[in-house]
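> Please read through the structure below; I'll follow up with questions.
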Amino acid sequence: MADAPLIAARGISKQFAGVEVLSDVDLDLMAGEIHALLGENGAGKSTFAKILAGVHRPTRGTLALNGQPVEVNNPTTAQRLGITLIHQEPISFPDMSVAENLVLGRTDSALLGRVPWAEMEQGAKDLMTQLGVRIDVTKPMRGLSIADQQMVEIARALASDSRLIIMDEPTAPLTPKEVDTLFKIARRLRDEGRTIIFISHRLEEVQALCDRATIFRDGALVDTVDVVDVTDEDIIKLMIGRPLRELIHKTGSEIGEVALEVSGLSQPGMFKNISFSVRKGEIVGLAGLVGAGRTDVARAIFGVAPAQSGTINVNGAPVTIAEPSDAIDLGLAFVPEDRAVAGIFKTLSVEHNITATVPGKIAPRGFISRGIEKALTAQSVKQLRIRLASVRQPIGELSGGNQQKAILARWLHTDPQILILDEPTRGIDIGVKAEFYDMIGKLAADGRAILLISSELPELLALCDRILVMAEGELTADLLRADATQETIMHAAVPKTGNHAQESAA
Amino acid sequence: QDPVSIVYIPKNTGNPYFDSLVAGFEDACKELNCEFTMAAPATAEATSQIPFITAQTQRGVDVIAISPNSPDAMNQVLDRARSRGILVLAVNGDLVDNYEHRDAAILPVDFTKTGPGQVELVGSMIGYKGEIAVLSATTDAPDQNTWIAAMVDSLKTNPKYKDMNLVATVYGDDEPQKSTTEAEALLQTYPDLKGIISPTTVGVAAAAQVIQSAGKADEVKLTGLGTPNQMRPFIKDGTVEAVQLWSPYNEGLLAAYFAVGVKNGTIKNEVGATFEVPELGTITIGEHNVMNTQAELTTFNADNIDDFDF
Amino acid sequence: MTMQTETAKPTRDSADARPMWQVVLVRPEVMTFALLVGAFIIASNLSPFFSDAQFILESSTYYVEYSIIALVLTLVIISGEIDLSPAAMMALSACVFAALYQAGLPIGLAMIASLATGVLMGLFNGILVVVFKLPSIIVTIGTLTLYRGLAQVLAGDRSIGKFPQWFNGIDYRLILDVPVPVIVFVIISVALAAILGTTVIGRQIYQVGTSEIASIHAGIRVRRIKLGLFVAMGVASSIGGLLTASRLASVRYDMATGGELQMVLMVMLGGTYIFGGRGSILGTFLASWLLVIIATGMTVANIAITAQLIVMGALLIISIIATNAIYARTQR
Amino acid sequence: MSLITKFLSTLLHRREAGIAVMIVLLALVVGAIQPRFLTLETLRIIALAIPLILIAAMGQMMVLVARHVDLSIGSILAFSSIIAGIMFRDLPDVPIIISIVAAIACGGALGFANGVIVTLFRLPSIIVTLGTLSLYRGLVFLVSGARQVDPQYIPRSLIEMSQTSPIFGIPWIVILAFVIALLTYFFLDHVRLGRQIYALGSNPVAAPLRGIKVVPLTILVFTMSGALAGLTGIIYASRFGYVNPGITGVGFEFTVIAAVVIGGVSINGGVGTVLGTVLGVILLGMVNVALPLLGVSAFWQDVIYGAVIVIALLIDKSVRDRSARALAAARSAA
Ligand SMILES: Nc1ncnc2c1ncn2[C@@H]1O[C@H](COP(=O)(O)OP(=O)(O)OP(=O)(O)O)[C@@H](O)[C@H]1O
Ligand SMILES: Nc1ncnc2c1ncn2[C@@H]1O[C@H](COP(=O)(O)OP(=O)(O)OP(=O)(O)O)[C@@H](O)[C@H]1O
Ligand SMILES: [Mg+2]
Ligand SMILES: [Mg+2]
């Protein structure tokens, strides 16, 4: 190769509080390539990306830009050097307008300069048109769906004219159509000679988009490969150091009585007239595009935000669920999608997290029994293979997958008959995912009813007996496993009216 | 024999009124060779002096002189101090109805004459005719209420004041902001108002400022109880003709002489007893062991105000 | 299927556990205790009159009402809320007590009415925070003005007193040479520490303070707990008000003015985390004594109030710097 | 149709509309009971009640928008005004303007110190400023020797600032207050640095990732708040004509925070407008003036004051809920 690489990383290492999460990474990024970063949860992908973008400083190692050594000490420097990071969780300023979010922090003008409101909004509008999304740029960011927020982030990277754009799991909240748009833009940028780092857990996306891929494992760079030369299996082997079995495990458990039945559930502005049922031993999937209202339905059933109208029956009897504790008493359990906020108690010990749902069990006579608590926790750690240094360490110190296991463990202690799992495997690496699938299967086999909300169709198709589909707050399909395919689900999930339809017609 | 140790606890820190009272103590102690300390809380709340009394009791001082923030909240700690042989004096304000919890009180003047004196002063300014109002401290301030009651009484009974009409009594809580708002509201609500009496230093200063701002010095006459330093500019520029007060300095002086005398056995602390204090003359201990530094209020006007600095 | 994911995994899935000595020693309460010892030594050197247990105990009765409320406030702050109205609640409930007693109600009934007032005020705060979801810090700034105002409407600015002799001077009643209010304080400390440390409610208070949303999802009755804590604040304030009434043998509307700052100071000095989720009764207990020692020490040494204000302010800032540093260390 | 919904939702979103309505209602109700309330003279009194709160409220608003709070402003105000007072007294030959600048600088310096402690040690500002509230008050006593600066030393020309008027009988200090509000508006809405304050409060985690220099910006915000409190100290001296170390500015922070919160500034940061704050201050000023005019016993003032805060919070909440519902309805209708 004649030219020096755009970025040459040498010996990059990073420690957090003495724990080495990245060790001696050497990586060359070429101008005009789309480069995938792959690896299990906690492999260090985001950390590496953040080092490139000046969010973290490496403990050791050097970076060179076009052959010149550079120090990327902070995000501002990175921006000046033409490096933009689209964060894993969209970071925006919720109270400010979309247009302002696009330009905020741009370093190209004086701090005491005036804000050119009209110009700024026009520019933002143009950018949105260019991206093919319909977002009112004068509205505050707060009102946007996660997907739209992600699109704004992408628009921002575009606007900043960067040489290197790092996208950390940008597709996680996007619909297939939006993913398509994103890919088109990414390819166009590559063809303009820019470099893109693309981080994703979805291998099919990597195959479709990327030129090269670098695989991380336990903080170390395992290999860099040309994508055309490898199969998914090869990559998985590199990622986890061993092959993974096929995804299908549903072992047709016995399906019994109706355990959960909702009818006519409505919440203005969120969902309308939702009716369905889940039987004992049955896994019912709930598919839909992001923002379809699936989470809202789940939260309504569990009493986090009860619906305005409609009825819920549990085991055939009508029930009132005014708050989650009512739901728990009725044998329901709910693994929320936003683990960091709604799931864990970040600074509390793993032990306290696991026993949070069963105060009665750990304190039979009003006072907490350390013995019982220890035993319950130990049982969970063993059963779910939660990997940790100590049950007394804060759960925030665990990796995402293990945090999620602890959340599930918390619910298993209540011996729930009906489980609502909202994106239980989101952002979890393939290895742990497999464990979750297995557990979900076992729970159903025990005769529990399971409502599984997921945005990953292969996951739903593999696990579920039946798949419900929601679009724009309404239930649009109820498919038996035999009838469900990616096509039938997507057909039902894409709204028949409104933005999406218009756009696809255009 | 050890010098007598006196501690004085004013209402709060930073209150200019007490500065000259302290000076009285200090000067007297230079004369009498007593040991003087001042200890003051940050705020003038009912209870803020209590830890100070306890601490001084613990230090074993001979005399605690206090300008009480409350007539009754300190009864128990004062009793404890007295039970340890400490002489407890109320200065500048008394423990009204709780006389048995202090040994004696040093007050500036005979408070029964204050109210009528103020009415006479404002009357002379407005030609004994027209609407007047009172801007007081807090609604239950005991001294002010005594004076206001006496004002009402003399307005009713003295034919000289038959054309004067008390239209309102308002309370500024001894806060500058509130007193200002109340004074403004007075001018606003009673367009025919001729005179304001504000028997409290904060109130009279605020009212003076309001009258000056509104440019109504000719229409509305103000008087009250104010310190010369506080009122000097208003008296000089004619916003206010005259205010009255007594000398806090003399209170400190008297308290120190009395305390040292009692401790040395030269003064008997009983009703009717008399003793001499330089500059103040003969002091008689009155009912409830109260003694006054002067008989009448001093009136400060443009002629004499520069003779005073407190 | 068998799990094939089990490998000899390095500990990278989680950070190493901290060594035991750190867990035990690097705690805010240890800092508070160290300050307490330091303050005692300094105070003893400042004034020969200071180190007299009887004197310190007597002086502590001037702060113990605040201390008792600060204990409950600790729970409120751990649960992620704050209550700035307790001093005003003290005043209003004491005024209710005194006004009713003066109006001829038997003193026992008047005391019950005062406690009921505490419950009502706490409930009102709690409902505004819990049901209307308003931020407690601003709500209680509003209600502190409101309650203080009501106290003033009720009592004017008279002081109401002339209670029966047995009611007065509880701070002079001694059990084993210790004033009764101090004993009450110790008992409540122990009780609350036990509740916080060993019961489900205590555990849930920490959980609610760590993440309210996660608590809701885990079926914890967040609203009930918070409402309960606000009511407890009302009751504690009412008890504080009655103790003060007994100590002063009189009641005025301006009782305990500015006391909220002292109470917050005690809780902060004790190492409770202002954003909730962490803290302890032990810390507040020690901090109460620290405050007594400092205030009493400076007063008896005749140190001007100027210096006292500066010391108190600086102390608050330093203590919280230390607390934060400690939490940052232990929490990464 | 969509235009109407848009207009309605903007109106519902505008917190300012609600306060304006409250102001009008209050004026009408009080005016009905006491017609004297609706006179120019009352307007002047209300106007005079405003500057003290308004100027400090501009600073406090910026602090709240940045997701902090400054409880020490009462003590800063006292410090600045005592410094100015001492200069007036002890250095009578120094031009007034120097003393004024010194007072503002002192306020700025104390605010700067707040900002440095908050950012350097990453502490919650509410506790830091609770500490400096006490600490700065101590300094006030220290520098003044616990002695008041008497009226005779306050320069005539300063006092006249709250008495004389260049135009329409509006006193200088009122004009000054509104000029400062305008400048603040311009700064916060039209200058990049001002927008960064909103960004910082809206998402403090994202701010540094977007190249916003959080530490200097936070320090700047506290410094401005301090400087404005310092300026308020001068106005205080002008309006009341003397400076007392013990009572000047005590409890002032509560008044200002109440006004700002009534004005719709969120204590969760990122939200709040100058217009809203101005209206909040006016509302509070009106209440203060209306009560004595109505002859309401002084005892009731605090009750009403507290109730106004609680009611304002409730209204704010219901406005917000309603606008959220309207937004959701609009979304589901679309
Ligand atoms: N700020 C931090 N402090 C301490 N540890 C951290 C921090 N950020 C990341 N880590 C740890 O570093 C490791 C690598 O994390 P990183 O986010 O880079 O993983 P990732 O490959 O992006 O994973 P994912 O697929 O879940 O996004 C993890 O063990 C994580 O817990
Ligand atoms: N078009 C939209 N614009 C903005 N916000 C929306 C839109 N549609 C839905 N929302 C909001 O976005 C949130 C997402 O809805 P919800 O989480 O229930 O959907 P979901 O199908 O579960 O999506 P996810 O896969 O993210 O969990 C809801 O709170 C909803 O009010
Ligand atoms: Mg990542
Ligand atoms: Mg969802």
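Residue names in the structure tokens use chain letters A, B, ... in the order shown, residue numbers from 1 in each chain, and ligand numbers from 1 in the order shown.
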Within 7 Å of chain C, which residues of chain D show up when using only C-alpha atoms, listed as a ChimeraX atom specification?

/D:121,123,128,131-132,134-135,137-138,141-142,299-303,305-307,309-310

> Sort by chain and increasing residue number a table of all residues of chain D within 9 Å of chain B, each with its closest pair of atoms and their distance in Å to one decimal, counting only C-alpha atoms, and write it as CSV.


residue,atom,partner,partner_atom,distance
D:Arg36,CA,B:Thr189,CA,7.3
D:Phe37,CA,B:Gln188,CA,9.0
D:Glu41,CA,B:Gln188,CA,7.4
D:Thr42,CA,B:Gln188,CA,7.4
D:Ile45,CA,B:Glu184,CA,7.2
D:Ala49,CA,B:Thr181,CA,8.2
D:Phe141,CA,B:Gly14,CA,7.2
D:Ser144,CA,B:Gly14,CA,8.5
D:Gly145,CA,B:Gly14,CA,7.9
D:Ala146,CA,B:Gly14,CA,4.2
D:Arg147,CA,B:Gly14,CA,5.1
D:Gln148,CA,B:Pro16,CA,5.8
D:Val149,CA,B:Pro16,CA,8.8
D:Asp150,CA,B:Gln230,CA,5.5
D:Pro151,CA,B:Gln230,CA,5.6
D:Gln152,CA,B:Pro233,CA,5.2
D:Tyr153,CA,B:Pro233,CA,8.7
D:Ile159,CA,B:Ser213,CA,8.8
D:Glu160,CA,B:Ser213,CA,7.9
D:Ser162,CA,B:Ser213,CA,7.5
D:Gln163,CA,B:Ser213,CA,5.0
D:Thr164,CA,B:Ser213,CA,8.0
D:Arg239,CA,B:Gln209,CA,7.9
D:Phe240,CA,B:Ala206,CA,6.7
D:Gly241,CA,B:Gln209,CA,7.2
D:Tyr242,CA,B:Gln230,CA,8.0
D:Asn244,CA,B:Gly14,CA,6.7
D:Pro245,CA,B:Gly14,CA,5.7
D:Gly246,CA,B:Gly14,CA,5.3
D:Ile247,CA,B:Glu175,CA,7.8
D:Thr248,CA,B:Pro176,CA,8.5
D:Asn288,CA,B:Thr181,CA,7.7
D:Val289,CA,B:Thr181,CA,6.6
D:Ala290,CA,B:Ala185,CA,8.8
D:Pro292,CA,B:Glu182,CA,6.2
D:Leu293,CA,B:Ala185,CA,5.7
D:Gly295,CA,B:Val170,CA,8.9
D:Ser297,CA,B:Val170,CA,8.5
D:Ala298,CA,B:Tyr171,CA,6.9
D:Phe299,CA,B:Thr139,CA,8.6

> Compile the residues of chain C that lie within 6 Å of chain B, evaluated using only C-alpha atoms, and express the compilation as a ChimeraX atom specification.

/C:49,157-158,248,250,300

> At a cut-off of 6 Å around ligand 2, and using only C-alpha atoms and all ligand atoms, what residues come up? Please write them as a PDB file with all heavy atoms, in the first residue's frame.


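Below is the file selection_15.pdb, written as the result:
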ATOM      1  N   GLY A 143     -38.845  14.887  22.279  1.00  0.00           N
ATOM      2  CA  GLY A 143     -40.019  14.229  21.725  1.00  0.00           C
ATOM      3  C   GLY A 143     -39.704  13.165  20.678  1.00  0.00           C
ATOM      4  O   GLY A 143     -40.609  12.501  20.198  1.00  0.00           O
ATOM      5  N   LEU A 144     -38.427  13.023  20.323  1.00  0.00           N
ATOM      6  CA  LEU A 144     -38.083  12.106  19.245  1.00  0.00           C
ATOM      7  C   LEU A 144     -37.991  10.658  19.720  1.00  0.00           C
ATOM      8  O   LEU A 144     -37.609  10.389  20.847  1.00  0.00           O
ATOM      9  CB  LEU A 144     -36.723  12.514  18.653  1.00  0.00           C
ATOM     10  CG  LEU A 144     -36.753  13.373  17.394  1.00  0.00           C
ATOM     11  CD1 LEU A 144     -37.683  14.541  17.549  1.00  0.00           C
ATOM     12  CD2 LEU A 144     -35.356  13.829  17.045  1.00  0.00           C
ATOM     13  N   SER A 145     -38.327   9.746  18.807  1.00  0.00           N
ATOM     14  CA  SER A 145     -38.100   8.337  19.128  1.00  0.00           C
ATOM     15  C   SER A 145     -36.595   8.082  19.133  1.00  0.00           C
ATOM     16  O   SER A 145     -35.817   8.865  18.597  1.00  0.00           O
ATOM     17  CB  SER A 145     -38.776   7.459  18.091  1.00  0.00           C
ATOM     18  OG  SER A 145     -38.144   7.644  16.841  1.00  0.00           O
ATOM     19  N   MET A 270     -50.512   6.115  23.038  1.00  0.00           N
ATOM     20  CA  MET A 270     -49.506   5.058  23.100  1.00  0.00           C
ATOM     21  C   MET A 270     -49.950   3.802  22.357  1.00  0.00           C
ATOM     22  O   MET A 270     -49.286   3.358  21.439  1.00  0.00           O
ATOM     23  CB  MET A 270     -49.187   4.713  24.537  1.00  0.00           C
ATOM     24  CG  MET A 270     -48.435   5.813  25.262  1.00  0.00           C
ATOM     25  SD  MET A 270     -47.948   5.265  26.879  1.00  0.00           S
ATOM     26  CE  MET A 270     -47.113   6.698  27.486  1.00  0.00           C
ATOM     27  N   GLY A 288     -42.294  -5.861  16.246  1.00  0.00           N
ATOM     28  CA  GLY A 288     -42.719  -4.529  15.839  1.00  0.00           C
ATOM     29  C   GLY A 288     -41.504  -3.657  15.657  1.00  0.00           C
ATOM     30  O   GLY A 288     -40.413  -4.007  16.127  1.00  0.00           O
ATOM     31  N   LEU A 289     -41.728  -2.557  14.970  1.00  0.00           N
ATOM     32  CA  LEU A 289     -40.622  -1.624  14.823  1.00  0.00           C
ATOM     33  C   LEU A 289     -40.449  -0.881  16.143  1.00  0.00           C
ATOM     34  O   LEU A 289     -41.372  -0.828  16.956  1.00  0.00           O
ATOM     35  CB  LEU A 289     -40.928  -0.638  13.703  1.00  0.00           C
ATOM     36  CG  LEU A 289     -41.240  -1.290  12.361  1.00  0.00           C
ATOM     37  CD1 LEU A 289     -41.529  -0.236  11.309  1.00  0.00           C
ATOM     38  CD2 LEU A 289     -40.074  -2.170  11.917  1.00  0.00           C
ATOM     39  N   VAL A 290     -39.288  -0.315  16.296  1.00  0.00           N
ATOM     40  CA  VAL A 290     -39.066   0.462  17.510  1.00  0.00           C
ATOM     41  C   VAL A 290     -40.069   1.606  17.568  1.00  0.00           C
ATOM     42  O   VAL A 290     -40.334   2.254  16.566  1.00  0.00           O
ATOM     43  CB  VAL A 290     -37.629   1.004  17.536  1.00  0.00           C
ATOM     44  CG1 VAL A 290     -37.489   2.047  18.620  1.00  0.00           C
ATOM     45  CG2 VAL A 290     -36.655  -0.124  17.748  1.00  0.00           C
ATOM     46  N   GLY A 291     -40.657   1.791  18.722  1.00  0.00           N
ATOM     47  CA  GLY A 291     -41.663   2.838  18.860  1.00  0.00           C
ATOM     48  C   GLY A 291     -43.059   2.351  18.534  1.00  0.00           C
ATOM     49  O   GLY A 291     -44.008   3.127  18.565  1.00  0.00           O
ATOM     50  N   ALA A 292     -43.192   1.066  18.256  1.00  0.00           N
ATOM     51  CA  ALA A 292     -44.514   0.536  17.927  1.00  0.00           C
ATOM     52  C   ALA A 292     -45.415   0.509  19.148  1.00  0.00           C
ATOM     53  O   ALA A 292     -46.618   0.395  19.048  1.00  0.00           O
ATOM     54  CB  ALA A 292     -44.382  -0.867  17.346  1.00  0.00           C
ATOM     55  N   GLY A 293     -44.823   0.601  20.314  1.00  0.00           N
ATOM     56  CA  GLY A 293     -45.625   0.639  21.529  1.00  0.00           C
ATOM     57  C   GLY A 293     -45.563  -0.652  22.326  1.00  0.00           C
ATOM     58  O   GLY A 293     -46.335  -0.835  23.268  1.00  0.00           O
ATOM     59  N   ARG A 294     -44.651  -1.527  21.976  1.00  0.00           N
ATOM     60  CA  ARG A 294     -44.591  -2.812  22.670  1.00  0.00           C
ATOM     61  C   ARG A 294     -44.235  -2.637  24.144  1.00  0.00           C
ATOM     62  O   ARG A 294     -44.839  -3.238  25.030  1.00  0.00           O
ATOM     63  CB  ARG A 294     -43.552  -3.712  21.996  1.00  0.00           C
ATOM     64  CG  ARG A 294     -43.904  -4.042  20.565  1.00  0.00           C
ATOM     65  CD  ARG A 294     -42.705  -4.602  19.844  1.00  0.00           C
ATOM     66  NE  ARG A 294     -41.620  -3.635  19.812  1.00  0.00           N
ATOM     67  CZ  ARG A 294     -40.398  -3.909  19.401  1.00  0.00           C
ATOM     68  NH1 ARG A 294     -40.092  -5.132  19.018  1.00  0.00           N
ATOM     69  NH2 ARG A 294     -39.468  -2.982  19.391  1.00  0.00           N
ATOM     70  N   THR A 295     -43.227  -1.806  24.367  1.00  0.00           N
ATOM     71  CA  THR A 295     -42.817  -1.580  25.746  1.00  0.00           C
ATOM     72  C   THR A 295     -43.938  -0.944  26.558  1.00  0.00           C
ATOM     73  O   THR A 295     -44.165  -1.300  27.717  1.00  0.00           O
ATOM     74  CB  THR A 295     -41.566  -0.685  25.768  1.00  0.00           C
ATOM     75  OG1 THR A 295     -40.523  -1.398  25.116  1.00  0.00           O
ATOM     76  CG2 THR A 295     -41.158  -0.339  27.172  1.00  0.00           C
ATOM     77  N   ASP A 296     -44.652  -0.049  25.916  1.00  0.00           N
ATOM     78  CA  ASP A 296     -45.755   0.606  26.627  1.00  0.00           C
ATOM     79  C   ASP A 296     -46.805  -0.411  27.047  1.00  0.00           C
ATOM     80  O   ASP A 296     -47.351  -0.337  28.154  1.00  0.00           O
ATOM     81  CB  ASP A 296     -46.392   1.679  25.736  1.00  0.00           C
ATOM     82  CG  ASP A 296     -45.451   2.863  25.524  1.00  0.00           C
ATOM     83  OD1 ASP A 296     -44.665   3.144  26.447  1.00  0.00           O
ATOM     84  OD2 ASP A 296     -45.500   3.487  24.465  1.00  0.00           O
TER      85      ASP A 296
END

> Find the residues of chain A in contact range of chain D, meaning any atom within 10 Å when counting only C-alpha atoms, and list them as a count of residues only.

47

> Select the residues contacting ligand 3 at a distance of at most 12 Å, based on only C-alpha atoms and all ligand atoms, then format the selection as a PyMOL selection string.

chain A and resi 37-50+86-89+166-170+172+198-201+216+219+399-400+426-429

> Can you list, as a PyMOL selection string, all residues belonging to segment 122-200 of chain D that DSSP tags as helix (DSSP H, G or I)?

chain D and resi 125-144+151-153+156-160+172-190+192-200

> When you draw a straight line from atom CA of Tyr136 of chain D to atom CA of Arg156 of chain D, how long is it in Å?

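One can read the atom CA of Tyr136 of chain D to atom CA of Arg156 of chain D distance as 28.0 Å.
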
> Counting only C-alpha atoms and all ligand atoms, which residue out of A:Leu63, A:Ala493, A:Met239, A:Ile368 sits closest to ligand 1?

A:Met239

> For atom CA of Ala259 of chain B and atom CA of Asp103 of chain B, determine how far apart the two atoms are, in Å to one decimal place.

10.2 Å

> What lies within 12 Å of Asp177 of chain C using only C-alpha atoms, ignoring chain neighbours under 6 positions off, as a short mmCIF file (atom, residue, chain, number, x, y, z; two decimals) with all heavy atoms, in the first residue's frame?


data_model
loop_
_atom_site.label_atom_id
_atom_site.label_comp_id
_atom_site.auth_asym_id
_atom_site.auth_seq_id
_atom_site.Cartn_x
_atom_site.Cartn_y
_atom_site.Cartn_z
N ALA C 53 -18.09 16.58 81.00
CA ALA C 53 -19.13 15.78 80.38
C ALA C 53 -20.51 16.36 80.64
O ALA C 53 -21.36 16.42 79.75
CB ALA C 53 -19.06 14.34 80.89
N GLN C 54 -20.72 16.83 81.88
CA GLN C 54 -22.03 17.35 82.22
C GLN C 54 -22.37 18.57 81.38
O GLN C 54 -23.48 18.73 80.89
CB GLN C 54 -22.04 17.69 83.72
CG GLN C 54 -23.37 17.44 84.37
CD GLN C 54 -23.95 16.08 83.98
OE1 GLN C 54 -23.27 15.06 84.06
NE2 GLN C 54 -25.20 16.10 83.56
N PHE C 55 -21.36 19.40 81.19
CA PHE C 55 -21.55 20.62 80.39
C PHE C 55 -21.83 20.27 78.93
O PHE C 55 -22.74 20.82 78.30
CB PHE C 55 -20.30 21.50 80.50
CG PHE C 55 -20.26 22.61 79.50
CD1 PHE C 55 -21.22 23.62 79.51
CD2 PHE C 55 -19.25 22.65 78.55
CE1 PHE C 55 -21.17 24.64 78.58
CE2 PHE C 55 -19.20 23.68 77.62
CZ PHE C 55 -20.16 24.67 77.64
N ILE C 56 -21.08 19.31 78.41
CA ILE C 56 -21.28 18.92 77.00
C ILE C 56 -22.67 18.32 76.83
O ILE C 56 -23.38 18.64 75.87
CB ILE C 56 -20.19 17.93 76.55
CG1 ILE C 56 -18.83 18.65 76.56
CG2 ILE C 56 -20.50 17.40 75.16
CD1 ILE C 56 -17.66 17.76 76.27
N LEU C 57 -23.07 17.51 77.79
CA LEU C 57 -24.40 16.91 77.69
C LEU C 57 -25.48 17.98 77.74
O LEU C 57 -26.44 17.95 76.99
CB LEU C 57 -24.61 15.89 78.81
CG LEU C 57 -24.00 14.52 78.55
CD1 LEU C 57 -24.22 13.61 79.75
CD2 LEU C 57 -24.61 13.88 77.31
N GLU C 58 -25.28 18.93 78.66
CA GLU C 58 -26.28 19.99 78.76
C GLU C 58 -26.33 20.79 77.45
O GLU C 58 -27.40 21.07 76.93
CB GLU C 58 -25.96 20.92 79.94
CG GLU C 58 -27.04 21.98 80.11
CD GLU C 58 -26.68 23.03 81.16
OE1 GLU C 58 -25.77 22.79 81.97
OE2 GLU C 58 -27.32 24.10 81.15
N ASP C 171 -35.11 18.86 79.49
CA ASP C 171 -33.66 18.75 79.31
C ASP C 171 -32.94 18.72 80.66
O ASP C 171 -31.77 18.41 80.72
CB ASP C 171 -33.14 19.89 78.45
CG ASP C 171 -33.58 21.24 78.99
OD1 ASP C 171 -34.72 21.34 79.48
OD2 ASP C 171 -32.78 22.19 78.93
N ILE C 183 -31.25 10.83 75.71
CA ILE C 183 -31.59 9.41 75.74
C ILE C 183 -32.57 9.07 74.63
O ILE C 183 -32.42 8.08 73.92
CB ILE C 183 -32.15 9.04 77.13
CG1 ILE C 183 -31.00 9.13 78.12
CG2 ILE C 183 -32.80 7.66 77.11
CD1 ILE C 183 -31.32 8.69 79.49
#

> Within 9 Å of Gln102 of chain C, counting only C-alpha atoms, which residues show up once you throw out same-chain ones fewer than 6 positions away? Write them as a PyMOL selection string, please.

chain C and resi 160-163
